[in-house]
$ cat work17.txt   # compact mmCIF, C-alpha atoms
# COMPACT_ATOMS: atom_id res chain seq x y z
CA MET A 1 -0.02 69.76 -7.23
CA LYS A 2 -0.35 73.31 -8.30
CA HIS A 3 0.26 74.45 -4.75
CA SER A 4 3.45 72.38 -4.57
CA SER A 5 4.86 74.08 -7.72
CA ILE A 6 4.29 77.50 -6.25
CA LEU A 7 6.16 76.56 -3.07
CA TRP A 8 9.06 75.21 -5.07
CA ALA A 9 9.38 78.41 -7.12
CA TYR A 10 9.26 80.56 -3.96
CA ALA A 11 12.06 78.51 -2.35
CA ALA A 12 14.19 78.90 -5.44
CA CYS A 13 13.80 82.72 -5.36
CA LEU A 14 14.82 82.81 -1.71
CA ALA A 15 17.94 80.80 -2.46
CA LEU A 16 18.94 83.09 -5.31
CA SER A 17 18.30 86.16 -3.15
CA ALA A 18 20.51 84.79 -0.35
CA CYS A 19 23.35 84.08 -2.77
CA SER A 20 23.10 87.59 -4.20
CA SER A 21 23.09 89.11 -0.70
CA ASP A 22 26.16 87.14 0.37
CA LYS A 23 28.04 88.21 -2.74
CA SER A 24 27.26 91.91 -2.37
CA SER A 25 28.15 92.04 1.33
CA LYS A 26 31.63 90.63 0.84
CA ALA A 27 34.27 93.30 1.76
CA PRO A 28 36.66 94.40 -1.00
CA GLU A 29 40.22 93.29 -0.65
CA THR A 30 42.64 95.95 0.76
CA THR A 31 45.51 96.99 -1.53
CA VAL A 32 48.94 96.33 -0.01
CA HIS A 33 51.58 98.76 -1.20
CA ASN A 34 55.08 97.58 -1.98
CA VAL A 35 57.79 99.79 -0.48
CA PHE A 36 61.55 100.11 -0.40
CA LEU A 37 63.21 100.91 2.91
CA VAL A 38 66.39 102.83 3.64
CA SER A 39 68.23 103.63 6.84
CA PRO A 40 69.59 107.09 7.73
CA VAL A 41 73.29 107.58 7.05
CA THR A 42 75.56 109.03 9.73
CA ALA A 43 77.40 112.09 8.44
CA ASN A 44 80.85 110.99 9.69
CA GLY A 45 80.89 113.03 12.88
CA SER A 46 79.92 116.28 11.20
CA PHE A 47 76.80 117.89 9.93
CA SER A 48 75.76 120.94 7.95
CA ARG A 49 72.83 123.27 8.28
CA ASN A 50 71.72 125.94 5.83
CA PHE A 51 70.36 129.32 6.83
CA PRO A 52 69.36 132.41 4.83
CA GLY A 53 71.73 135.33 5.15
CA ILE A 54 71.92 138.86 3.81
CA VAL A 55 75.00 140.78 2.73
CA GLN A 56 75.44 144.25 4.15
CA GLU A 57 78.13 146.88 4.29
CA THR A 58 80.35 147.02 7.34
CA ARG A 59 79.25 150.57 8.07
CA THR A 60 77.32 153.52 6.67
CA ILE A 61 78.88 156.90 7.42
CA SER A 62 76.98 160.18 7.73
CA THR A 63 79.30 162.90 6.46
CA GLY A 64 78.80 166.61 7.12
CA PHE A 65 80.66 169.89 7.48
CA LYS A 66 82.33 170.77 10.77
CA THR A 67 81.17 174.36 10.42
CA PRO A 68 77.91 176.02 9.27
CA GLY A 69 77.51 177.89 6.00
CA GLN A 70 75.95 178.09 2.57
CA ILE A 71 76.72 175.30 0.12
CA THR A 72 78.45 176.55 -3.02
CA SER A 73 79.02 173.22 -4.77
CA ILE A 74 77.92 169.59 -4.63
CA LEU A 75 80.55 167.46 -6.36
CA ALA A 76 79.09 163.96 -5.83
CA LYS A 77 75.69 162.47 -6.49
CA GLU A 78 73.85 159.38 -5.32
CA GLY A 79 75.34 156.20 -6.75
CA ASP A 80 78.82 157.64 -7.23
CA HIS A 81 81.75 155.58 -6.04
CA VAL A 82 84.18 157.90 -4.28
CA LYS A 83 87.68 157.42 -2.94
CA GLU A 84 88.97 158.34 0.50
CA GLY A 85 89.99 162.02 0.57
CA GLN A 86 87.92 162.95 -2.50
CA LEU A 87 86.26 166.40 -2.34
CA LEU A 88 82.48 166.05 -2.06
CA ALA A 89 81.14 169.57 -1.42
CA THR A 90 82.18 173.11 -0.47
CA LEU A 91 80.77 176.05 1.53
CA ASP A 92 80.99 179.77 0.92
CA THR A 93 84.48 180.80 2.19
CA VAL A 94 84.22 184.60 2.04
CA ASP A 95 83.45 185.28 5.72
CA TYR A 96 85.85 182.61 6.94
CA ALA A 97 88.66 183.95 4.77
CA LEU A 98 88.04 187.50 6.06
CA ALA A 99 88.14 186.29 9.68
CA VAL A 100 91.50 184.64 9.03
CA LYS A 101 92.84 187.76 7.34
CA GLN A 102 91.71 189.96 10.23
CA LEU A 103 93.31 187.76 12.88
CA GLN A 104 96.47 187.42 10.79
CA ILE A 105 96.87 191.24 10.77
CA GLN A 106 96.28 191.42 14.51
CA TYR A 107 98.72 188.62 15.16
CA ASP A 108 101.44 190.13 13.00
CA GLN A 109 101.06 193.46 14.81
CA ALA A 110 101.07 191.78 18.24
CA SER A 111 104.11 189.71 17.26
CA SER A 112 106.08 192.86 16.31
CA GLU A 113 105.06 194.51 19.57
CA HIS A 114 106.14 191.42 21.48
CA LYS A 115 109.63 191.54 19.95
CA ARG A 116 110.02 195.17 21.09
CA LYS A 117 108.91 194.28 24.62
CA GLN A 118 111.34 191.37 24.65
CA GLN A 119 114.14 193.91 24.28
CA LEU A 120 112.72 195.99 27.16
CA TYR A 121 112.46 192.87 29.30
CA ALA A 122 116.07 191.90 28.51
CA ALA A 123 117.23 195.39 29.50
CA GLY A 124 115.39 195.08 32.81
CA ASN A 125 112.87 197.77 31.95
CA MET A 126 109.86 195.40 32.19
CA SER A 127 108.72 193.22 35.07
CA ASP A 128 108.46 189.46 34.83
CA ASN A 129 104.69 189.57 35.39
CA ASP A 130 104.04 192.11 32.62
CA PHE A 131 106.21 190.20 30.15
CA GLU A 132 104.45 186.92 30.95
CA LYS A 133 101.04 188.52 30.37
CA GLU A 134 102.23 189.90 27.05
CA SER A 135 103.56 186.50 25.95
CA ALA A 136 100.32 184.72 27.00
CA ALA A 137 98.21 187.20 25.00
CA LEU A 138 100.31 186.54 21.90
CA ARG A 139 99.94 182.77 22.30
CA GLN A 140 96.16 183.10 22.70
CA MET A 141 95.98 185.15 19.51
CA ALA A 142 97.99 182.47 17.70
CA VAL A 143 95.47 179.86 18.86
CA GLN A 144 92.54 181.97 17.63
CA LEU A 145 94.24 182.39 14.27
CA GLU A 146 94.70 178.61 13.99
CA ILE A 147 91.04 178.00 14.88
CA ASN A 148 89.87 180.33 12.14
CA LYS A 149 92.21 178.74 9.62
CA ASN A 150 90.69 175.37 10.55
CA LYS A 151 87.17 176.76 10.03
CA LEU A 152 88.25 177.90 6.58
CA ASP A 153 89.49 174.38 5.84
CA TYR A 154 86.24 172.94 7.18
CA THR A 155 84.36 174.59 4.30
CA HIS A 156 85.62 171.67 2.19
CA LEU A 157 83.97 168.29 2.77
CA TYR A 158 86.11 165.25 1.92
CA ALA A 159 85.17 161.57 1.79
CA PRO A 160 86.29 159.94 5.07
CA SER A 161 86.67 156.56 3.32
CA SER A 162 86.13 154.92 -0.02
CA GLY A 163 82.57 153.87 -0.75
CA VAL A 164 79.33 154.64 -2.53
CA ILE A 165 77.13 157.71 -2.03
CA VAL A 166 73.75 156.24 -1.14
CA LYS A 167 72.00 159.49 -0.20
CA SER A 168 72.50 163.22 -0.76
CA ASN A 169 70.49 165.44 1.57
CA PHE A 170 71.25 168.97 0.30
CA GLU A 171 71.52 170.97 -2.90
CA LYS A 172 73.66 173.92 -3.93
CA ALA A 173 72.85 177.27 -2.22
CA GLU A 174 71.16 175.64 0.77
CA MET A 175 72.24 176.54 4.30
CA VAL A 176 73.63 173.75 6.46
CA ASP A 177 74.52 173.55 10.16
CA ALA A 178 77.69 172.03 11.55
CA GLY A 179 77.39 168.26 11.86
CA THR A 180 74.24 167.95 9.73
CA PRO A 181 74.62 164.93 7.40
CA VAL A 182 75.07 166.08 3.83
CA PHE A 183 75.84 162.62 2.40
CA GLU A 184 75.25 159.02 3.47
CA LEU A 185 78.35 157.07 2.45
CA MET A 186 78.30 153.27 2.30
CA ASP A 187 81.73 151.89 3.06
CA ASP A 188 81.94 148.89 0.73
CA SER A 189 85.59 148.12 1.38
CA LYS A 190 84.44 145.37 3.74
CA LEU A 191 81.20 143.40 3.61
CA GLU A 192 79.46 141.30 6.24
CA VAL A 193 76.83 138.57 6.14
CA ILE A 194 74.08 138.60 8.76
CA VAL A 195 72.39 135.29 9.65
CA ASP A 196 69.50 134.88 12.10
CA LEU A 197 69.92 131.60 13.97
CA PRO A 198 67.08 129.80 15.76
CA VAL A 199 67.60 128.45 19.26
CA SER A 200 68.75 125.06 17.95
CA GLY A 201 71.36 126.72 15.75
CA TYR A 202 72.58 128.87 18.62
CA ILE A 203 72.91 125.89 20.98
CA SER A 204 74.75 123.70 18.45
CA HIS A 205 77.09 126.48 17.34
CA GLY A 206 80.72 125.61 18.03
CA LYS A 207 84.19 127.06 17.61
CA SER A 208 85.10 124.54 14.91
CA ASN A 209 82.32 125.61 12.55
CA ARG A 210 83.05 126.40 8.93
CA TYR A 211 80.91 128.89 7.01
CA ILE A 212 80.26 128.76 3.26
CA GLY A 213 78.06 131.17 1.30
CA SER A 214 76.35 130.42 -1.99
CA SER A 215 73.80 132.01 -4.28
CA ALA A 216 72.03 131.11 -7.49
CA LEU A 217 73.35 134.40 -8.89
CA LEU A 218 76.92 133.19 -8.36
CA GLY A 219 76.43 129.80 -10.02
CA ASP A 220 78.74 127.13 -8.61
CA LYS A 221 80.97 129.71 -6.95
CA THR A 222 81.10 129.57 -3.15
CA ILE A 223 82.28 132.21 -0.68
CA ASP A 224 84.41 131.51 2.36
CA LEU A 225 83.09 133.35 5.40
CA LYS A 226 84.73 133.94 8.76
CA PHE A 227 83.18 134.26 12.19
CA ILE A 228 82.91 137.77 13.65
CA SER A 229 80.35 137.57 16.44
CA LEU A 230 77.24 135.81 17.72
CA THR A 231 74.82 137.87 19.80
CA PRO A 232 74.07 135.93 23.00
CA LYS A 233 70.63 137.55 23.35
CA ALA A 234 67.63 136.56 21.22
CA ASP A 235 65.38 139.14 19.61
CA ASN A 236 61.57 139.21 19.82
CA ASN A 237 61.40 136.36 17.28
CA GLN A 238 63.72 134.15 19.34
CA LEU A 239 66.51 134.54 16.80
CA TYR A 240 70.20 135.11 17.49
CA GLN A 241 72.23 137.31 15.13
CA LEU A 242 75.33 135.69 13.67
CA LYS A 243 77.73 138.10 11.96
CA LEU A 244 80.20 136.74 9.41
CA GLY A 245 82.92 138.48 7.44
CA VAL A 246 83.82 137.86 3.81
CA ALA A 247 87.26 136.25 3.82
CA SER A 248 88.32 137.70 0.46
CA ARG A 249 87.07 140.30 -1.96
CA VAL A 250 84.29 139.00 -4.24
CA PRO A 251 83.45 141.53 -6.99
CA GLU A 252 79.99 140.00 -7.62
CA LEU A 253 79.01 140.39 -3.97
CA THR A 254 76.96 143.51 -3.23
CA SER A 255 75.19 144.92 -0.21
CA GLY A 256 71.61 143.66 0.06
CA MET A 257 72.27 140.37 -1.77
CA ASN A 258 70.73 137.23 -0.28
CA LEU A 259 72.94 134.22 0.41
CA ILE A 260 72.47 130.68 1.61
CA VAL A 261 74.95 130.18 4.45
CA SER A 262 75.98 126.61 5.11
CA ILE A 263 77.29 126.11 8.64
CA ALA A 264 79.35 122.93 8.76
CA SER A 265 80.21 121.67 12.22
CA GLY A 266 83.22 119.47 12.86
CA LEU A 267 82.04 118.47 16.32
CA SER A 268 82.45 114.87 17.39
CA SER A 269 79.51 112.57 18.10
CA ASP A 270 80.25 112.97 21.81
CA SER A 271 79.59 116.69 21.54
CA ILE A 272 76.22 116.61 19.76
CA PRO A 273 73.32 114.14 19.70
CA SER A 274 73.61 111.41 17.09
CA ASP A 275 70.22 112.21 15.63
CA THR A 276 71.59 115.58 14.41
CA MET A 277 74.09 113.84 12.12
CA LEU A 278 71.75 111.81 9.91
CA GLU A 279 71.20 112.10 6.19
CA ILE A 280 68.20 110.72 4.28
CA PRO A 281 66.93 110.88 0.68
CA LEU A 282 64.89 113.95 -0.15
CA ARG A 283 62.21 111.73 -1.73
CA SER A 284 61.51 110.20 1.70
CA VAL A 285 60.21 113.50 3.04
CA PHE A 286 56.58 114.63 2.71
CA ASP A 287 54.28 117.27 4.14
CA ASN A 288 51.59 116.12 6.55
CA ASP A 289 49.20 119.00 7.25
CA GLY A 290 52.06 121.48 7.46
CA VAL A 291 54.39 119.13 9.37
CA THR A 292 57.50 117.68 7.73
CA CYS A 293 57.41 113.88 8.12
CA VAL A 294 58.85 110.58 6.98
CA TRP A 295 57.27 107.12 7.04
CA THR A 296 59.00 104.92 9.63
CA PHE A 297 58.59 101.17 9.35
CA ASN A 298 57.56 98.97 12.28
CA PRO A 299 58.93 95.47 11.61
CA GLN A 300 56.70 93.90 14.30
CA ASP A 301 53.50 94.34 12.32
CA SER A 302 54.84 95.62 8.96
CA THR A 303 53.06 98.97 9.33
CA VAL A 304 54.30 102.46 8.60
CA HIS A 305 53.70 105.57 10.66
CA ALA A 306 54.16 109.28 9.96
CA THR A 307 57.08 110.57 12.04
CA PRO A 308 57.68 114.34 12.29
CA VAL A 309 61.30 115.37 11.61
CA THR A 310 63.29 118.58 11.46
CA ILE A 311 65.45 118.77 8.36
CA THR A 312 67.92 121.15 6.78
CA GLY A 313 69.64 121.42 3.43
CA ASP A 314 68.44 122.40 -0.03
CA GLY A 315 68.34 118.81 -1.32
CA ARG A 316 70.56 119.81 -4.21
CA HIS A 317 72.05 116.33 -4.41
CA GLY A 318 68.88 114.51 -3.38
CA ILE A 319 69.99 114.39 0.27
CA VAL A 320 68.79 116.33 3.31
CA SER A 321 70.10 116.33 6.87
CA VAL A 322 67.86 115.36 9.79
CA ILE A 323 68.33 117.53 12.87
CA SER A 324 65.79 115.84 15.12
CA GLY A 325 62.96 113.30 15.18
CA LEU A 326 64.75 110.26 13.75
CA LYS A 327 66.96 107.55 15.20
CA ALA A 328 70.03 106.17 13.47
CA ASP A 329 68.59 102.63 13.50
CA SER A 330 65.22 103.64 12.02
CA GLN A 331 64.00 102.32 8.71
CA ILE A 332 62.08 104.71 6.51
CA VAL A 333 60.22 104.46 3.22
CA SER A 334 62.46 105.71 0.44
CA GLY A 335 59.83 106.71 -2.13
CA GLY A 336 56.18 106.77 -3.12
CA VAL A 337 55.39 108.47 0.16
CA HIS A 338 52.23 110.18 -1.09
CA SER A 339 50.33 106.95 -1.76
CA ILE A 340 50.54 105.64 1.83
CA VAL A 341 48.33 106.32 4.82
CA ASP A 342 49.27 106.29 8.49
CA GLY A 343 49.15 102.84 10.09
CA GLU A 344 48.97 101.04 6.74
CA ARG A 345 50.40 97.54 6.44
CA VAL A 346 52.96 97.41 3.63
CA LYS A 347 55.07 94.82 1.86
CA VAL A 348 58.82 95.42 1.90
CA ILE A 349 60.65 94.80 -1.36
CA GLU A 350 64.14 93.60 -0.61
CA LYS A 351 65.60 93.96 -4.11
CA THR A 352 65.00 96.45 -6.86
CA SER A 353 62.60 95.08 -9.45
CA SER A 354 63.15 95.47 -13.18
CA SER A 355 60.28 97.97 -13.32
CA ASN A 356 61.86 100.16 -10.60
CA ARG A 357 65.34 100.76 -11.82
CA GLY A 358 67.21 103.27 -9.71
CA GLY A 359 65.00 102.69 -6.68
CA LEU A 360 62.88 105.76 -7.44
CA LEU A 361 59.59 104.33 -6.21
$ encode --input "work17.txt" --output "structure tokens"
Amino acid sequence: MKHSSILWAYAACLALSACSSDKSSKAPETTVHNVFLVSPVTANGSFSRNFPGIVQETRTISTGFKTPGQITSILAKEGDHVKEGQLLATLDTVDYALAVKQLQIQYDQASSEHKRKQQLYAAGNMSDNDFEKESAALRQMAVQLEINKNKLDYTHLYAPSSGVIVKSNFEKAEMVDAGTPVFELMDDSKLEVIVDLPVSGYISHGKSNRYIGSSALLGDKTIDLKFISLTPKADNNQLYQLKLGVASRVPELTSGMNLIVSIASGLSSDSIPSDTMLEIPLRSVFDNDGVTCVWTFNPQDSTVHATPVTITGDGRHGIVSVISGLKADSQIVSGGVHSIVDGERVKVIEKTSSSNRGGLL
């Protein structure tokens, strides 16, 4: 009897152990995320891409004297805004003035002598050859006198155009050679915007493009830009230089300022692939190990998968444009993208719930 009780107790322990083992080995239930889906919106036959641009002056002019000499005055300094024709610097004029005076005396004397020989020639007392030589010598002296007068004028350096002095290379009393740059003058009468386009931007560039510049420093103000040129050869970084002109004078715009250039294309859907004209919510985009992706929904098995996309736009209005990687008939997750994993089965919510007003999740 005692032996029977022991067997019964042992059987009971085994049963309890089996129940405990079954309970602990049961797999936890997988959480199914609820998601909202959206479809990309076609941008009505046009699309816009944003690129960084930099404002620069149309040209920088190196200004210098046409003749050598010693500088006697520097009348402009770095940062000064000068007008076209404004005097910037002068050279010592003593030697140049003396050379003009000397040649003037010689010319006046030769001119008087020439008038006397004209009378001899008219009276037939001088040959044609001798008179022609005398006349040629007088003309040569007149040319030399004009050259020296020009050199005297060249001792004054004037601004070739309106602009800003960005660099001054000499000081008073220094010697300077002819043609050596004394000032670097930035011509700010016209400004340009330089944009480096990638290959995709170069290929999609068309004649009907419209260019708009904007900057946080300008607030809501935008700048109309006009096409100047597009270099057909890429640099070492596989970028093509697009040069744009500023359509009208903008006082706040200065050389060196950064701009965001929006290139809006009016090309038809027959001219460019349809997947370059799609717009999606910014909240649908996430970073996947350095790759920009969206979650695309597979209706066959209700799973979502990370799909790499190329986007453009600053998302200022909560919308970005998709350049590549997405089809117009795709369905993507509209929010909560950071709580999902690749290949996960999800539950699609057809209508916005009371706890998700605005469809932000």
$ atom_distance --input "work17.txt" --atom1 "atom CA of Leu87 of chain A" --atom2 "atom CA of Met175 of chain A"
18.5 Å
$ closest_residue --input "work17.txt" --among "A:Asn50, A:Leu218, A:Glu78, A:Lys233" --to "Ile263 of chain A" --atoms "all atoms listed in the file"
A:Asn50
$ atom_distance --input "work17.txt" --atom1 "atom CA of Phe65 of chain A" --atom2 "atom CA of Lys151 of chain A"
9.8 Å
$ residues_around --input "work17.txt" --residues "segment 251-257 of chain A" --least-positions-apart "3" --cutoff "7 Å" --atoms "only C-alpha atoms" --output "ChimeraX atom specification"
/A:54-57
$ write_last_selection --input "work17.txt" --atoms "C-alpha atoms" --output "PDB file, keeping the file's coordinate frame"
ATOM      1  CA  ILE A  54      71.920 138.860   3.810  1.00  0.00           C
ATOM      2  CA  VAL A  55      75.000 140.780   2.730  1.00  0.00           C
ATOM      3  CA  GLN A  56      75.440 144.250   4.150  1.00  0.00           C
ATOM      4  CA  GLU A  57      78.130 146.880   4.290  1.00  0.00           C
TER       5      GLU A  57
END
$ atom_distance --input "work17.txt" --atom1 "atom CA of Thr231 of chain A" --atom2 "atom CA of Val261 of chain A"
17.2 Å
$ closest_residue --input "work17.txt" --among "A:Val35, A:Leu91, A:Val348, A:Ala328" --to "Glu174 of chain A" --atoms "only C-alpha atoms"
A:Leu91
$ closest_atom_pairs --input "work17.txt" --of "segment 167-191 of chain A" --to "segment 153-161 of chain A" --cutoff "9 Å" --atoms "only C-alpha atoms" --output "tab-separated table"
residue	atom	partner	partner_atom	distance
A:Leu185	CA	A:Ala159	CA	8.2
A:Asp187	CA	A:Ser161	CA	6.8
A:Ser189	CA	A:Ser161	CA	8.7
$ write_last_selection --input "work17.txt" --atoms "C-alpha atoms" --output "mmCIF file, keeping the file's coordinate frame"
data_model
loop_
_atom_site.group_PDB
_atom_site.id
_atom_site.type_symbol
_atom_site.label_atom_id
_atom_site.label_comp_id
_atom_site.auth_asym_id
_atom_site.auth_seq_id
_atom_site.Cartn_x
_atom_site.Cartn_y
_atom_site.Cartn_z
ATOM 1 C CA LEU A 185 78.350 157.070 2.450
ATOM 2 C CA ASP A 187 81.730 151.890 3.060
ATOM 3 C CA SER A 189 85.590 148.120 1.380
#
$ residues_around --input "work17.txt" --residues "Glu171 of chain A" --least-positions-apart "3" --cutoff "9 Å" --atoms "only C-alpha atoms" --output "ChimeraX atom specification"
/A:71-74,168,174
$ residues_around --input "work17.txt" --residues "segment 106-113 of chain A" --least-positions-apart "5" --cutoff "7 Å" --atoms "all atoms listed in the file" --output "PyMOL selection string"
chain A and resi 138+141-142
$ residues_around --input "work17.txt" --residues "Glu134 of chain A" --least-positions-apart "4" --cutoff "9 Å" --atoms "all atoms listed in the file" --output "ChimeraX atom specification"
/A:114,117,129-130,138-139
$ residues_near_point --input "work17.txt" --point "(73.3, 131.7, -8.5)" --cutoff "12 Å" --atoms "all atoms listed in the file" --output "NGL selection string"
:A and (213-223 or 252-253 or 257-260)
$ closest_residue --input "work17.txt" --among "A:Leu145, A:Val246, A:Ala306, A:Ala89" --to "Val176 of chain A" --atoms "all atoms listed in the file"
A:Ala89
$ closest_residue --input "work17.txt" --among "A:Ser334, A:Gln70, A:Ser302, A:Gln104" --to "Arg283 of chain A" --atoms "all atoms listed in the file"
A:Ser334
$ residues_around --input "work17.txt" --residues "His81 of chain A" --least-positions-apart "5" --cutoff "7 Å" --atoms "only C-alpha atoms" --output "count of residues only"
3
$ closest_residue --input "work17.txt" --among "A:Lys66, A:Arg59, A:Lys101, A:Arg49" --to "Thr180 of chain A" --atoms "only C-alpha atoms"
A:Lys66
$ closest_residue --input "work17.txt" --among "A:Ile228, A:Leu152, A:Leu278, A:Ile323" --to "Val41 of chain A" --atoms "only C-alpha atoms"
A:Leu278
$ decode --input "work17.txt" --residues "segment 76-87 of chain A" --atoms "N, CA, C and O atoms" --output "CSV table (one decimal), in the first residue's frame"
chain,number,residue,atom,x,y,z
A,76,ALA,N,41.6,104.1,-53.7
A,76,ALA,CA,40.6,103.2,-53.3
A,76,ALA,C,41.1,102.1,-52.5
A,76,ALA,O,42.3,101.7,-52.6
A,77,LYS,N,40.3,101.5,-51.6
A,77,LYS,CA,40.8,100.5,-50.7
A,77,LYS,C,39.8,99.3,-50.9
A,77,LYS,O,38.7,99.4,-51.4
A,78,GLU,N,40.2,98.2,-50.3
A,78,GLU,CA,39.4,96.9,-50.4
A,78,GLU,C,38.1,97.2,-49.7
A,78,GLU,O,38.0,97.7,-48.6
A,79,GLY,N,37.0,96.7,-50.4
A,79,GLY,CA,35.7,96.9,-49.9
A,79,GLY,C,34.9,98.1,-50.5
A,79,GLY,O,33.7,98.2,-50.3
A,80,ASP,N,35.7,99.0,-51.1
A,80,ASP,CA,35.0,100.2,-51.7
A,80,ASP,C,34.2,99.8,-52.9
A,80,ASP,O,34.7,99.0,-53.8
A,81,HIS,N,33.1,100.5,-53.0
A,81,HIS,CA,32.3,100.3,-54.3
A,81,HIS,C,32.6,101.5,-55.2
A,81,HIS,O,32.4,102.7,-54.8
A,82,VAL,N,33.1,101.2,-56.3
A,82,VAL,CA,33.6,102.3,-57.2
A,82,VAL,C,32.7,102.3,-58.5
A,82,VAL,O,32.1,101.3,-58.8
A,83,LYS,N,32.6,103.5,-59.1
A,83,LYS,CA,31.9,103.6,-60.4
A,83,LYS,C,32.8,103.6,-61.6
A,83,LYS,O,34.0,103.9,-61.5
A,84,GLU,N,32.2,103.2,-62.7
A,84,GLU,CA,33.0,103.2,-63.9
A,84,GLU,C,33.6,104.6,-64.2
A,84,GLU,O,32.9,105.6,-64.2
A,85,GLY,N,34.9,104.6,-64.5
A,85,GLY,CA,35.6,105.9,-64.8
A,85,GLY,C,36.2,106.5,-63.6
A,85,GLY,O,36.8,107.6,-63.7
A,86,GLN,N,35.9,106.0,-62.4
A,86,GLN,CA,36.5,106.6,-61.2
A,86,GLN,C,38.0,106.4,-61.1
A,86,GLN,O,38.5,105.3,-61.4
A,87,LEU,N,38.7,107.5,-60.7
A,87,LEU,CA,40.2,107.4,-60.5
A,87,LEU,C,40.5,106.5,-59.3
A,87,LEU,O,40.0,106.8,-58.2
